[in-house]
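Let me begin by presenting the structure, written as C-alpha cells, before commenting on it.
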Amino acid sequence: MHTAACIFDLDGVIVDTAKYHFQAWKRLADQLGIIFTEEDNERLKGVSRMSSLEIILELGGINPGDEKKMEYATLKNDWYVELISKMTPAEILPGSVQFIKEIRKKGIRTAIGSASKNTPMILQRVGIQELFDAVADGNNITKAKPDPEVFLKAAEMLNVDPAECVVFEDAVAGIQAAVNAGMRCVGIGSKLVLAKADMVVSGLNEMNPEILSNLENTKYI
Ligand code: BG6
Ligand code: MG
C-alpha cells in the first residue's frame, strides 16, 4: 500500500514532554498528599488530561467530586503551561525534523495527531508548525485514544484515505487508535510494550524514507 501521509503523535514522538507532565502532576499529587512516582507517570502516557487525573486520584484513594476534579485539572494545566512555555527548539527529539523534511520532499503529506490541547503552544515554542500540513489535537476531537477519532480527523484534514496513512506513536492506546483507524503504525519505544505496531524503532532518528517504503511493501490492506 502506497503511503500518502504520515501522522505523528507529538508527546513522546517529536518532543519529550512527559517530564513536564510529571512535574506538574507531581506538584498536584504532593499538594493532595498522594504518593506519585515516575513509574506511575508511565501509565499517563497518551492518556487524556481528565483520565490522568482519575488515575492519580485512584492512587491516593480520593474521590473529590466533579467540581474539585475540574479545579485540580486546571491547576495542573496552569503549572504544565508554565513549564512548556519555556521550551526551545533544542528539545525536539533527535532525527525528527530531518525525517519529516525528507518525507515531505518525497511528496508525503504530514500531520500531527495528538490528544493534547496544548499542541499549538508546543509546536509554536519549538518552531515546527511549518513541517505539518494539518494539526488534529485535543482541541478538535471529543474521544480519546484508543478511539481512532484524532487520526481519522488528521486524514480528513489532509484529504487522504486512512489506509494510505502511517502513524508514529509511543503509547499503547495510540497504537490501538491507529489500528482502529485502519492505518499502519510505527511504534516509538519498546517492542514488548508496543507489540501491535507494524514495526518498532527507538526514535525517529532510526527512520528514513527507505525504511518507510519497506513498511509499505510488507503490509497490504
Ligand atoms: C498526550 C500525553 O499527548 O496528551 C498525555 O501523552 C496527556 O500525557 C494528553 O495527558 C493530554 O494533554 P494536555 O496537554 O491536553 O493536558
Ligand atoms: Mg505520545
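Residues in the C-alpha cells are numbered from 1 in each chain, the chains being A, B, ... in the order shown, and ligands are numbered from 1 in the order shown.
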
Legend entry - Shell of 8 Å around Phe168 of chain A, only C-alpha atoms, local chain residues under 5 positions omitted, as a list in words: Cys6, Ile7, Phe8, Asp9, Val13, Cys185, Val186, Gly187 and Ile188 of chain A

Deliver the residues from the most recent selection as a file, using C-alpha atoms, as a compact mmCIF listing (two decimals), in the first residue's frame.
```
# COMPACT_ATOMS: atom_id res chain seq x y z
CA CYS A 6 2.39 10.28 7.89
CA ILE A 7 0.61 11.27 11.10
CA PHE A 8 2.76 11.96 14.15
CA ASP A 9 1.78 11.84 17.78
CA VAL A 13 7.46 11.11 19.46
CA CYS A 185 1.76 2.28 12.53
CA VAL A 186 5.35 2.60 13.66
CA GLY A 187 5.86 2.30 17.41
CA ILE A 188 8.40 4.56 19.12
```

Inset, instruction - Please extract the residues at most 12 Å from ligand 2, counting only C-alpha atoms and all ligand atoms, and provide them as a PyMOL selection string, using the chain letters and residue numbers of this document. - result: chain A and resi 8-18+21+42-48+112-116+119+137+145-146+167-175+177+187-189

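The two atoms in question, atom CA of Gly138 of chain A and atom CA of Leu194 of chain A, are spaced 22.5 Å apart.
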
Legend entry - Nearest candidate to Glu206 of chain A (options A:Met87, A:Val81, A:Leu57, A:Leu93; using only C-alpha atoms): A:Leu93

Inset, instruction - List the neighbours of segment 126-132 of chain A out to 6 Å using only C-alpha atoms; skip same-chain residues closer than 2 positions along the sequence, and give me the result as a PyMOL selection string. - result: chain A and resi 88-89+110-111+123-124+134

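Proximity to Gly107 of chain A was assessed for A:Asp133, A:Ile35, A:Leu215, A:Glu82 counting only C-alpha atoms; the smallest distance is recorded for A:Asp133.
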
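Distances to ligand 1 were evaluated for A:Lys69, A:Lys19, A:Lys105, A:Lys117 using only C-alpha atoms and all ligand atoms, and the minimum falls at A:Lys117.
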
Inset, instruction - Give me every strand (DSSP E or B) residue in segment 20-113 of chain A, going by DSSP on the backbone, as JSON, numbers by chain. - result: {"A": [92, 109, 110, 111, 112, 113]}

Would you mind exporting the chosen residues as a PDB file, in the first residue's frame, restricted to N, CA, C and O atoms?
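What follows is the written file part.pdb:
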```
ATOM      1  N   ILE A  92      13.512  19.317  20.619  1.00  0.00           N
ATOM      2  CA  ILE A  92      12.942  18.414  19.603  1.00  0.00           C
ATOM      3  C   ILE A  92      13.767  17.131  19.629  1.00  0.00           C
ATOM      4  O   ILE A  92      15.004  17.182  19.655  1.00  0.00           O
ATOM      5  N   ARG A 109       2.455  13.772   2.658  1.00  0.00           N
ATOM      6  CA  ARG A 109       1.891  14.846   3.467  1.00  0.00           C
ATOM      7  C   ARG A 109       2.060  14.495   4.947  1.00  0.00           C
ATOM      8  O   ARG A 109       2.159  13.318   5.305  1.00  0.00           O
ATOM      9  N   THR A 110       2.093  15.504   5.792  1.00  0.00           N
ATOM     10  CA  THR A 110       2.379  15.257   7.209  1.00  0.00           C
ATOM     11  C   THR A 110       1.352  15.956   8.101  1.00  0.00           C
ATOM     12  O   THR A 110       0.891  17.059   7.791  1.00  0.00           O
ATOM     13  N   ALA A 111       1.028  15.288   9.219  1.00  0.00           N
ATOM     14  CA  ALA A 111       0.081  15.873  10.179  1.00  0.00           C
ATOM     15  C   ALA A 111       0.455  15.475  11.589  1.00  0.00           C
ATOM     16  O   ALA A 111       1.188  14.507  11.809  1.00  0.00           O
ATOM     17  N   ILE A 112      -0.079  16.256  12.535  1.00  0.00           N
ATOM     18  CA  ILE A 112       0.024  15.895  13.951  1.00  0.00           C
ATOM     19  C   ILE A 112      -1.302  15.243  14.333  1.00  0.00           C
ATOM     20  O   ILE A 112      -2.366  15.696  13.907  1.00  0.00           O
ATOM     21  N   GLY A 113      -1.224  14.190  15.160  1.00  0.00           N
ATOM     22  CA  GLY A 113      -2.413  13.560  15.731  1.00  0.00           C
ATOM     23  C   GLY A 113      -2.168  13.366  17.222  1.00  0.00           C
ATOM     24  O   GLY A 113      -1.615  12.354  17.635  1.00  0.00           O
TER      25      GLY A 113
END
```

Inset, instruction - Would you mind reading off the distance between atom CA of Thr74 of chain A and atom 16 (O, counted along the ligand's line) of ligand 1, one decimal, in Å? - result: 9.3 Å

Inset, instruction - Provide the atom 4 (O, counted along the ligand's line) of ligand 1 to atom CA of Ile34 of chain A distance in Å, to one decimal place. - result: 21.6 Å
